[in-house]
$ cat model21.cif   # mmCIF, N, CA and C atoms
data_model
#
loop_
_atom_site.label_atom_id
_atom_site.label_comp_id
_atom_site.auth_asym_id
_atom_site.auth_seq_id
_atom_site.Cartn_x
_atom_site.Cartn_y
_atom_site.Cartn_z
N MET A 1 18.37 67.20 -33.88
CA MET A 1 17.24 66.42 -33.44
C MET A 1 17.55 65.88 -32.03
N SER A 2 16.69 66.15 -31.13
CA SER A 2 16.89 65.72 -29.75
C SER A 2 15.81 64.71 -29.38
N GLY A 3 16.25 63.48 -29.09
CA GLY A 3 15.29 62.44 -28.74
C GLY A 3 15.37 62.07 -27.28
N ARG A 4 14.45 61.25 -26.87
CA ARG A 4 14.37 60.84 -25.47
C ARG A 4 15.62 60.08 -25.01
N TYR A 5 16.21 59.30 -25.90
CA TYR A 5 17.30 58.41 -25.51
C TYR A 5 18.66 58.81 -26.09
N ASP A 6 18.79 60.02 -26.52
CA ASP A 6 20.05 60.48 -27.11
C ASP A 6 21.21 60.37 -26.13
N ASP A 7 20.96 60.49 -24.83
CA ASP A 7 22.04 60.43 -23.85
C ASP A 7 22.58 59.02 -23.64
N ILE A 8 21.81 58.00 -23.97
CA ILE A 8 22.27 56.62 -23.74
C ILE A 8 22.50 55.84 -25.03
N ILE A 9 22.12 56.40 -26.16
CA ILE A 9 22.18 55.66 -27.42
C ILE A 9 23.60 55.27 -27.79
N SER A 10 24.58 56.03 -27.43
CA SER A 10 25.96 55.73 -27.82
C SER A 10 26.73 54.98 -26.74
N LEU A 11 26.11 54.64 -25.63
CA LEU A 11 26.79 53.90 -24.57
C LEU A 11 27.00 52.45 -25.00
N PRO A 12 28.09 51.81 -24.53
CA PRO A 12 28.32 50.40 -24.88
C PRO A 12 27.28 49.50 -24.19
N HIS A 13 27.05 48.37 -24.77
CA HIS A 13 26.11 47.40 -24.20
C HIS A 13 26.69 46.91 -22.88
N PRO A 14 25.88 46.85 -21.83
CA PRO A 14 26.42 46.40 -20.53
C PRO A 14 26.82 44.93 -20.56
N GLU A 15 27.92 44.62 -19.91
CA GLU A 15 28.42 43.24 -19.81
C GLU A 15 28.06 42.69 -18.43
N PRO A 16 27.70 41.41 -18.37
CA PRO A 16 27.39 40.82 -17.06
C PRO A 16 28.63 40.80 -16.16
N LYS A 17 28.44 41.01 -14.87
CA LYS A 17 29.56 41.05 -13.94
C LYS A 17 29.78 39.71 -13.25
N ARG A 18 28.75 38.88 -13.12
CA ARG A 18 28.87 37.63 -12.36
C ARG A 18 29.17 36.41 -13.22
N HIS A 19 28.88 36.46 -14.49
CA HIS A 19 29.08 35.30 -15.35
C HIS A 19 29.43 35.75 -16.76
N ARG A 20 30.00 34.80 -17.51
CA ARG A 20 30.35 35.11 -18.90
C ARG A 20 29.10 35.18 -19.75
N ARG A 21 29.20 35.94 -20.81
CA ARG A 21 28.09 36.04 -21.75
C ARG A 21 27.93 34.70 -22.46
N MET A 22 26.69 34.27 -22.64
CA MET A 22 26.40 32.98 -23.28
C MET A 22 26.70 33.07 -24.78
N SER A 23 27.25 32.00 -25.32
CA SER A 23 27.55 32.00 -26.75
C SER A 23 26.25 31.96 -27.55
N ARG A 24 26.32 32.35 -28.79
CA ARG A 24 25.12 32.34 -29.65
C ARG A 24 24.59 30.92 -29.84
N LEU A 25 25.51 29.97 -29.93
CA LEU A 25 25.11 28.57 -30.11
C LEU A 25 24.33 28.08 -28.89
N ASP A 26 24.82 28.41 -27.69
CA ASP A 26 24.12 28.01 -26.47
C ASP A 26 22.76 28.71 -26.35
N ARG A 27 22.72 29.96 -26.73
CA ARG A 27 21.43 30.68 -26.68
C ARG A 27 20.44 30.07 -27.67
N ALA A 28 20.92 29.72 -28.85
CA ALA A 28 20.04 29.13 -29.85
C ALA A 28 19.51 27.79 -29.38
N ALA A 29 20.33 27.05 -28.65
CA ALA A 29 19.91 25.73 -28.16
C ALA A 29 18.73 25.85 -27.20
N GLN A 30 18.60 26.96 -26.51
CA GLN A 30 17.48 27.15 -25.60
C GLN A 30 16.15 27.17 -26.34
N PHE A 31 16.17 27.62 -27.58
CA PHE A 31 14.95 27.78 -28.33
C PHE A 31 14.76 26.70 -29.39
N ALA A 32 15.63 25.71 -29.39
CA ALA A 32 15.53 24.62 -30.36
C ALA A 32 14.31 23.76 -30.03
N PRO A 33 13.71 23.15 -31.02
CA PRO A 33 12.57 22.29 -30.75
C PRO A 33 12.99 21.10 -29.89
N PHE A 34 12.07 20.61 -29.10
CA PHE A 34 12.37 19.47 -28.25
C PHE A 34 11.24 18.47 -28.37
N ALA A 35 11.50 17.25 -27.99
CA ALA A 35 10.49 16.19 -28.06
C ALA A 35 9.66 16.22 -26.79
N ALA A 36 8.50 16.82 -26.86
CA ALA A 36 7.63 16.91 -25.70
C ALA A 36 7.12 15.53 -25.30
N LEU A 37 6.95 14.67 -26.27
CA LEU A 37 6.49 13.31 -26.02
C LEU A 37 7.62 12.36 -26.37
N ARG A 38 8.53 12.17 -25.45
CA ARG A 38 9.70 11.32 -25.71
C ARG A 38 9.24 9.89 -25.94
N GLY A 39 9.70 9.29 -27.04
CA GLY A 39 9.35 7.92 -27.36
C GLY A 39 8.07 7.79 -28.18
N TYR A 40 7.39 8.89 -28.42
CA TYR A 40 6.13 8.86 -29.16
C TYR A 40 6.32 8.29 -30.56
N GLU A 41 7.35 8.73 -31.25
CA GLU A 41 7.60 8.25 -32.61
C GLU A 41 7.85 6.74 -32.63
N ASP A 42 8.56 6.23 -31.62
CA ASP A 42 8.82 4.79 -31.54
C ASP A 42 7.52 4.00 -31.35
N VAL A 43 6.64 4.50 -30.50
CA VAL A 43 5.36 3.83 -30.26
C VAL A 43 4.52 3.83 -31.53
N ILE A 44 4.49 4.94 -32.23
CA ILE A 44 3.73 5.02 -33.49
C ILE A 44 4.28 4.02 -34.50
N GLU A 45 5.59 3.91 -34.60
CA GLU A 45 6.20 2.97 -35.54
C GLU A 45 5.86 1.53 -35.16
N GLU A 46 5.91 1.22 -33.86
CA GLU A 46 5.55 -0.13 -33.41
C GLU A 46 4.10 -0.46 -33.77
N ARG A 47 3.22 0.49 -33.55
CA ARG A 47 1.80 0.28 -33.87
C ARG A 47 1.60 0.10 -35.38
N ARG A 48 2.32 0.91 -36.16
CA ARG A 48 2.20 0.80 -37.61
C ARG A 48 2.61 -0.59 -38.08
N VAL A 49 3.72 -1.09 -37.55
CA VAL A 49 4.20 -2.42 -37.93
C VAL A 49 3.19 -3.48 -37.50
N ALA A 50 2.67 -3.36 -36.28
CA ALA A 50 1.71 -4.35 -35.78
C ALA A 50 0.45 -4.37 -36.64
N TYR A 51 -0.05 -3.19 -37.00
CA TYR A 51 -1.26 -3.14 -37.82
C TYR A 51 -1.01 -3.62 -39.24
N SER A 52 0.17 -3.33 -39.77
CA SER A 52 0.45 -3.79 -41.14
C SER A 52 0.57 -5.31 -41.16
N GLU A 53 1.18 -5.90 -40.11
CA GLU A 53 1.25 -7.36 -40.03
C GLU A 53 -0.15 -7.96 -39.87
N LYS A 54 -0.97 -7.31 -39.06
CA LYS A 54 -2.33 -7.79 -38.84
C LYS A 54 -3.14 -7.71 -40.14
N SER A 55 -2.98 -6.61 -40.88
CA SER A 55 -3.73 -6.46 -42.12
C SER A 55 -3.27 -7.48 -43.16
N GLU A 56 -1.98 -7.80 -43.18
CA GLU A 56 -1.50 -8.84 -44.10
C GLU A 56 -2.11 -10.19 -43.74
N TYR A 57 -2.20 -10.46 -42.46
CA TYR A 57 -2.81 -11.72 -41.99
C TYR A 57 -4.28 -11.78 -42.41
N LEU A 58 -5.00 -10.66 -42.25
CA LEU A 58 -6.41 -10.62 -42.63
C LEU A 58 -6.58 -10.77 -44.14
N CYS A 59 -5.69 -10.18 -44.90
CA CYS A 59 -5.75 -10.31 -46.36
C CYS A 59 -5.53 -11.75 -46.81
N GLU A 60 -4.63 -12.46 -46.11
CA GLU A 60 -4.40 -13.86 -46.42
C GLU A 60 -5.67 -14.68 -46.16
N ASP A 61 -6.36 -14.38 -45.07
CA ASP A 61 -7.61 -15.08 -44.76
C ASP A 61 -8.67 -14.80 -45.82
N ILE A 62 -8.74 -13.59 -46.30
CA ILE A 62 -9.73 -13.22 -47.32
C ILE A 62 -9.41 -13.93 -48.63
N ASP A 63 -8.12 -14.01 -48.96
CA ASP A 63 -7.71 -14.67 -50.21
C ASP A 63 -8.09 -16.15 -50.22
N GLU A 64 -8.14 -16.78 -49.04
CA GLU A 64 -8.48 -18.20 -48.95
C GLU A 64 -9.96 -18.45 -49.18
N ILE A 65 -10.79 -17.45 -49.00
CA ILE A 65 -12.25 -17.62 -49.16
C ILE A 65 -12.64 -17.73 -50.61
#

$ encode --input "model21.cif" --output "structure tokens"
Amino acid sequence: MSGRYDDIISLPHPEPKRHRRMSRLDRAAQFAPFAALRGYEDVIEERRVAYSEKSEYLCEDIDEI
């Protein structure tokens, strides 16, 4: 069977000449999720606490009626 790439299929994978090959861990880090909105979770938590305190205050007012 003669294919288009039979002449290159058994050649070794080329190695970079100017720099070392990147480790798998470093390559994986490039594609790891990142926080596009840095601090967003902290702001949401602050708001949640503020609203829960406010709702407790409103509930106390309602209980007095």

$ select_by_dssp --input "model21.cif" --residues "chain A" --states "helix (DSSP H, G or I)" --output "ChimeraX atom specification"
/A:24-30,40-64

$ atom_distance --input "model21.cif" --atom1 "CA of Ala36 in chain A" --atom2 "CA of Ala50 in chain A"
24.3 Å

$ atom_distance --input "model21.cif" --atom1 "atom C of Tyr51 in chain A" --atom2 "atom C of Phe34 in chain A"
27.5 Å

$ atom_distance --input "model21.cif" --atom1 "CA of Pro16 in chain A" --atom2 "atom N of Ala28 in chain A"
17.4 Å

$ decode --input "model21.cif" --residues "range 42-57 of chain A" --atoms "all heavy atoms" --output "compact mmCIF listing (two decimals), in the first residue's frame"
# COMPACT_ATOMS: atom_id res chain seq x y z
N ASP A 42 -15.77 37.62 45.14
CA ASP A 42 -15.73 38.38 46.40
C ASP A 42 -16.85 39.43 46.45
O ASP A 42 -17.49 39.61 47.47
CB ASP A 42 -14.38 39.07 46.57
CG ASP A 42 -13.23 38.08 46.69
OD1 ASP A 42 -13.50 36.93 47.14
OD2 ASP A 42 -12.10 38.43 46.34
N VAL A 43 -17.07 40.11 45.33
CA VAL A 43 -18.12 41.12 45.27
C VAL A 43 -19.49 40.47 45.45
O VAL A 43 -20.34 40.98 46.20
CB VAL A 43 -18.06 41.90 43.94
CG1 VAL A 43 -19.28 42.80 43.77
CG2 VAL A 43 -16.78 42.70 43.86
N ILE A 44 -19.70 39.34 44.82
CA ILE A 44 -20.98 38.62 44.95
C ILE A 44 -21.20 38.22 46.40
O ILE A 44 -22.31 38.35 46.94
CB ILE A 44 -21.01 37.39 44.02
CG1 ILE A 44 -20.96 37.82 42.56
CG2 ILE A 44 -22.21 36.52 44.29
CD1 ILE A 44 -22.15 38.66 42.12
N GLU A 45 -20.17 37.72 47.06
CA GLU A 45 -20.29 37.32 48.46
C GLU A 45 -20.60 38.52 49.35
O GLU A 45 -21.46 38.43 50.24
CB GLU A 45 -19.01 36.62 48.92
CG GLU A 45 -19.03 36.16 50.36
CD GLU A 45 -20.11 35.14 50.67
OE1 GLU A 45 -20.61 34.48 49.75
OE2 GLU A 45 -20.46 34.99 51.87
N GLU A 46 -19.94 39.65 49.10
CA GLU A 46 -20.22 40.86 49.88
C GLU A 46 -21.67 41.29 49.71
O GLU A 46 -22.34 41.65 50.68
CB GLU A 46 -19.29 41.99 49.45
CG GLU A 46 -17.86 41.80 49.88
CD GLU A 46 -16.93 42.85 49.28
OE1 GLU A 46 -17.44 43.84 48.68
OE2 GLU A 46 -15.71 42.70 49.41
N ARG A 47 -22.15 41.25 48.49
CA ARG A 47 -23.55 41.64 48.22
C ARG A 47 -24.52 40.68 48.90
O ARG A 47 -25.53 41.09 49.44
CB ARG A 47 -23.83 41.68 46.71
CG ARG A 47 -23.06 42.72 45.97
CD ARG A 47 -23.55 44.11 46.35
NE ARG A 47 -22.74 45.11 45.74
CZ ARG A 47 -23.21 46.09 45.00
NH1 ARG A 47 -24.50 46.21 44.81
NH2 ARG A 47 -22.40 46.96 44.47
N ARG A 48 -24.20 39.39 48.84
CA ARG A 48 -25.07 38.40 49.47
C ARG A 48 -25.18 38.66 50.97
O ARG A 48 -26.28 38.65 51.53
CB ARG A 48 -24.54 36.98 49.23
CG ARG A 48 -25.48 35.89 49.74
CD ARG A 48 -24.81 34.54 49.75
NE ARG A 48 -23.71 34.46 50.69
CZ ARG A 48 -23.86 34.35 52.03
NH1 ARG A 48 -25.05 34.35 52.58
NH2 ARG A 48 -22.80 34.27 52.81
N VAL A 49 -24.05 38.93 51.61
CA VAL A 49 -24.05 39.21 53.05
C VAL A 49 -24.84 40.47 53.34
O VAL A 49 -25.67 40.51 54.25
CB VAL A 49 -22.59 39.32 53.57
CG1 VAL A 49 -22.57 39.86 54.98
CG2 VAL A 49 -21.90 37.97 53.49
N ALA A 50 -24.63 41.52 52.54
CA ALA A 50 -25.33 42.79 52.75
C ALA A 50 -26.84 42.60 52.61
O ALA A 50 -27.62 43.10 53.44
CB ALA A 50 -24.83 43.83 51.77
N TYR A 51 -27.26 41.87 51.59
CA TYR A 51 -28.70 41.66 51.39
C TYR A 51 -29.29 40.76 52.47
O TYR A 51 -30.42 40.96 52.88
CB TYR A 51 -28.97 41.09 50.00
CG TYR A 51 -28.90 42.13 48.92
CD1 TYR A 51 -27.98 42.03 47.89
CD2 TYR A 51 -29.76 43.23 48.93
CE1 TYR A 51 -27.91 43.00 46.91
CE2 TYR A 51 -29.68 44.21 47.94
CZ TYR A 51 -28.76 44.08 46.94
OH TYR A 51 -28.69 45.03 45.97
N SER A 52 -28.54 39.77 52.92
CA SER A 52 -29.08 38.90 53.96
C SER A 52 -29.23 39.68 55.27
O SER A 52 -30.21 39.51 56.00
CB SER A 52 -28.21 37.66 54.17
OG SER A 52 -26.96 38.00 54.69
N GLU A 53 -28.26 40.57 55.57
CA GLU A 53 -28.39 41.41 56.77
C GLU A 53 -29.58 42.37 56.63
O GLU A 53 -30.33 42.58 57.57
CB GLU A 53 -27.10 42.20 57.00
CG GLU A 53 -25.95 41.33 57.45
CD GLU A 53 -24.63 42.07 57.49
OE1 GLU A 53 -24.59 43.27 57.10
OE2 GLU A 53 -23.63 41.47 57.90
N LYS A 54 -29.75 42.91 55.44
CA LYS A 54 -30.86 43.83 55.19
C LYS A 54 -32.19 43.10 55.33
O LYS A 54 -33.13 43.62 55.92
CB LYS A 54 -30.73 44.44 53.79
CG LYS A 54 -31.75 45.49 53.48
CD LYS A 54 -31.48 46.08 52.10
CE LYS A 54 -32.49 47.15 51.77
NZ LYS A 54 -32.23 47.76 50.47
N SER A 55 -32.27 41.88 54.79
CA SER A 55 -33.52 41.14 54.87
C SER A 55 -33.84 40.75 56.32
O SER A 55 -35.00 40.74 56.72
CB SER A 55 -33.49 39.90 53.97
OG SER A 55 -32.54 38.97 54.43
N GLU A 56 -32.81 40.45 57.11
CA GLU A 56 -33.04 40.15 58.52
C GLU A 56 -33.58 41.39 59.24
O GLU A 56 -34.51 41.29 60.05
CB GLU A 56 -31.74 39.70 59.20
CG GLU A 56 -31.28 38.31 58.79
CD GLU A 56 -29.92 37.97 59.35
OE1 GLU A 56 -29.41 38.71 60.21
OE2 GLU A 56 -29.35 36.94 58.92
N TYR A 57 -33.04 42.54 58.91
CA TYR A 57 -33.50 43.80 59.50
C TYR A 57 -34.96 44.05 59.13
O TYR A 57 -35.77 44.40 59.97
CB TYR A 57 -32.61 44.95 59.02
CG TYR A 57 -33.07 46.31 59.46
CD1 TYR A 57 -32.90 46.73 60.77
CD2 TYR A 57 -33.68 47.18 58.56
CE1 TYR A 57 -33.32 47.97 61.18
CE2 TYR A 57 -34.11 48.43 58.96
CZ TYR A 57 -33.92 48.82 60.27
OH TYR A 57 -34.34 50.05 60.68
